[in-house]
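**Student:** Below is the file protein00.csv, with CSV, C-alpha atoms.
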```csv
chain,number,residue,atom,x,y,z
A,30,MET,CA,0.0,0.0,0.0
A,31,LYS,CA,2.8,2.4,0.9
A,32,VAL,CA,4.6,1.6,-2.3
A,33,ILE,CA,1.6,2.5,-4.4
A,34,MET,CA,1.1,5.7,-2.5
A,35,ILE,CA,4.8,6.7,-2.9
A,36,GLY,CA,4.6,5.8,-6.6
A,37,THR,CA,1.5,7.8,-7.2
A,38,VAL,CA,2.9,10.9,-5.4
A,39,THR,CA,6.1,10.6,-7.4
A,40,VAL,CA,4.3,10.5,-10.7
A,41,ILE,CA,2.1,13.5,-9.7
A,42,LEU,CA,5.2,15.5,-8.7
A,43,LEU,CA,7.0,14.6,-12.0
A,44,VAL,CA,4.0,15.7,-14.0
A,45,MET,CA,3.7,19.0,-12.2
A,46,ILE,CA,7.4,19.7,-12.6
A,47,ALA,CA,7.3,18.9,-16.3
A,48,GLY,CA,4.2,21.1,-16.7
A,49,VAL,CA,6.0,24.1,-15.1
A,50,CYS,CA,9.1,23.6,-17.2
A,51,CYS,CA,7.1,23.4,-20.4
A,52,GLN,CA,5.1,26.5,-19.6
A,53,GLN,CA,8.3,28.5,-19.0
A,54,ASP,CA,9.8,27.3,-22.3
A,55,GLU,CA,6.6,28.3,-24.2
A,56,LYS,CA,6.5,31.7,-22.6
A,57,GLU,CA,10.1,32.3,-23.6
A,58,LYS,CA,9.2,31.4,-27.2
A,59,GLY,CA,6.3,33.8,-27.1
A,60,LYS,CA,3.7,31.0,-27.5
A,61,GLY,CA,2.5,30.7,-23.9
A,62,PHE,CA,-1.1,30.8,-22.8
A,63,ASN,CA,-0.7,34.5,-21.7
A,64,THR,CA,0.4,35.4,-25.2
A,65,LEU,CA,-2.4,33.6,-26.9
A,66,LEU,CA,-5.2,34.9,-24.6
A,67,PRO,CA,-5.3,38.4,-26.1
A,68,LYS,CA,-5.6,36.9,-29.6
A,69,LEU,CA,-8.6,34.8,-28.5
A,70,ALA,CA,-10.3,37.5,-26.4
A,71,PRO,CA,-12.2,39.0,-29.3
A,72,LYS,CA,-13.7,35.6,-30.1
A,73,LEU,CA,-14.8,35.0,-26.5
A,74,ASN,CA,-18.4,36.0,-25.8
A,75,SER,CA,-19.5,36.2,-22.2
A,76,THR,CA,-23.1,35.5,-23.2
A,77,ALA,CA,-22.2,32.2,-25.0
A,78,LYS,CA,-23.8,29.2,-23.3
A,79,PRO,CA,-22.6,25.6,-23.3
A,80,CYS,CA,-23.8,23.8,-26.4
A,81,PRO,CA,-24.3,20.0,-25.9
A,82,CYS,CA,-25.2,18.7,-29.3
A,83,LYS,CA,-26.1,15.2,-30.5
A,84,ARG,CA,-23.8,13.6,-33.0
A,85,THR,CA,-26.4,13.5,-35.7
A,86,TYR,CA,-24.8,14.2,-39.1
A,87,LEU,CA,-27.1,16.5,-41.1
A,88,PRO,CA,-24.4,18.9,-42.4
A,89,LEU,CA,-25.0,22.6,-43.0
A,90,CYS,CA,-22.8,24.9,-45.0
A,91,ALA,CA,-22.3,28.3,-43.3
A,92,SER,CA,-21.4,31.8,-44.6
A,93,ASN,CA,-17.9,31.4,-43.2
A,94,GLY,CA,-17.3,28.4,-45.6
A,95,GLN,CA,-17.3,25.9,-42.8
A,96,THR,CA,-19.5,22.8,-42.6
A,97,TYR,CA,-21.3,22.2,-39.3
A,98,ASN,CA,-22.4,18.6,-38.5
A,99,ASN,CA,-26.0,19.7,-37.7
A,100,ALA,CA,-28.2,22.6,-36.8
A,101,CYS,CA,-27.3,22.5,-33.1
A,102,ALA,CA,-23.5,22.8,-33.9
A,103,PHE,CA,-24.4,25.7,-36.2
A,104,ARG,CA,-26.4,27.5,-33.4
A,105,CYS,CA,-23.4,27.0,-31.1
A,106,ALA,CA,-21.1,28.6,-33.6
A,107,LYS,CA,-23.6,31.5,-34.2
A,108,GLN,CA,-23.3,32.4,-30.5
A,109,LEU,CA,-19.7,33.4,-31.2
A,110,GLU,CA,-20.2,34.8,-34.6
A,111,ARG,CA,-23.7,36.5,-34.8
A,112,SER,CA,-23.5,37.3,-38.5
A,113,LEU,CA,-23.2,33.6,-39.4
A,114,THR,CA,-25.9,32.3,-41.7
A,115,VAL,CA,-26.7,29.0,-43.4
A,116,THR,CA,-25.9,29.1,-47.1
A,117,ARG,CA,-27.2,25.7,-47.9
A,118,LYS,CA,-27.9,22.2,-46.6
A,119,GLY,CA,-25.1,19.8,-47.1
A,120,ARG,CA,-21.3,20.2,-47.0
A,121,CYS,CA,-19.6,23.3,-48.1
A,122,GLU,CA,-17.8,22.9,-51.5
A,123,LYS,CA,-14.3,23.0,-50.1
A,124,ASP,CA,-15.2,20.4,-47.5
A,125,ALA,CA,-16.9,18.2,-50.1
A,126,GLU,CA,-13.6,17.9,-52.1
A,127,ASP,CA,-11.8,16.4,-49.1
```
With the file now loaded, output its structure as structure tokens.
**Tutor:**
Amino acid sequence: MKVIMIGTVTVILLVMIAGVCCQQDEKEKGKGFNTLLPKLAPKLNSTAKPCPCKRTYLPLCASNGQTYNNACAFRCAKQLERSLTVTRKGRCEKDAED
């Protein structure tokens, strides 16, 4: 029992140390979380609500050229980009080529 506890604590400490080291390396490269947050801030919408959607595949092509799996996924995206509209049912042309 003690061996399992010591092993678990050791693994947790190693993961924490590795995480701190990696964060410092990324910040030095200018790619850390604090650098990315200002770029993402305009896309964040405090009024956006969680969007749990079923995995039903009834694709919709939107005005941004992206295919959404279904109407629910489209509505979720519309919370972040109000001007988004459905251009047609089915996949977008660029997605259909893939």
**Student:** Near stretch 100-108 of chain A, counting only C-alpha atoms, which residues have an atom at most 9 Å away, once you skip same-chain residues fewer than 5 positions from it, shown as a PDB file with C-alpha atoms, in the frame of the given file?
**Tutor:**
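Dumped to selection24.pdb:
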```
ATOM      1  CA  ASN A  74     -18.400  36.000 -25.800  1.00  0.00           C
ATOM      2  CA  THR A  76     -23.100  35.500 -23.200  1.00  0.00           C
ATOM      3  CA  ALA A  77     -22.200  32.200 -25.000  1.00  0.00           C
ATOM      4  CA  LYS A  78     -23.800  29.200 -23.300  1.00  0.00           C
ATOM      5  CA  PRO A  79     -22.600  25.600 -23.300  1.00  0.00           C
ATOM      6  CA  CYS A  80     -23.800  23.800 -26.400  1.00  0.00           C
ATOM      7  CA  PRO A  81     -24.300  20.000 -25.900  1.00  0.00           C
ATOM      8  CA  CYS A  82     -25.200  18.700 -29.300  1.00  0.00           C
ATOM      9  CA  LYS A  83     -26.100  15.200 -30.500  1.00  0.00           C
ATOM     10  CA  LEU A  87     -27.100  16.500 -41.100  1.00  0.00           C
ATOM     11  CA  PRO A  88     -24.400  18.900 -42.400  1.00  0.00           C
ATOM     12  CA  LEU A  89     -25.000  22.600 -43.000  1.00  0.00           C
ATOM     13  CA  CYS A  90     -22.800  24.900 -45.000  1.00  0.00           C
ATOM     14  CA  ALA A  91     -22.300  28.300 -43.300  1.00  0.00           C
ATOM     15  CA  LEU A 113     -23.200  33.600 -39.400  1.00  0.00           C
ATOM     16  CA  THR A 114     -25.900  32.300 -41.700  1.00  0.00           C
ATOM     17  CA  VAL A 115     -26.700  29.000 -43.400  1.00  0.00           C
TER      18      VAL A 115
END
```
**Student:** As an exercise, work out the distance from atom CA of A:Ser112 to atom CA of A:Thr85 in Å and give it to one decimal place.
**Tutor:**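 Computed distance, atom CA of A:Ser112 to atom CA of A:Thr85, equals 24.1 Å.
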**Student:** For the atom pair atom CA of A:Tyr97 and atom CA of A:Lys118, what is the interatomic distance in Å to one decimal place?
**Tutor:**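 A separation of 9.8 Å between them.
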**Student:** Closest to A:Lys123 among A:Asn93, A:Thr37, A:Arg84, A:Glu110, using all atoms listed in the file?
**Tutor:** A:Asn93
**Student:** Grab the atom CA of A:Arg120 to atom CA of A:Gln95 distance for me, in Å with one decimal place.
**Tutor:** 8.1 Å
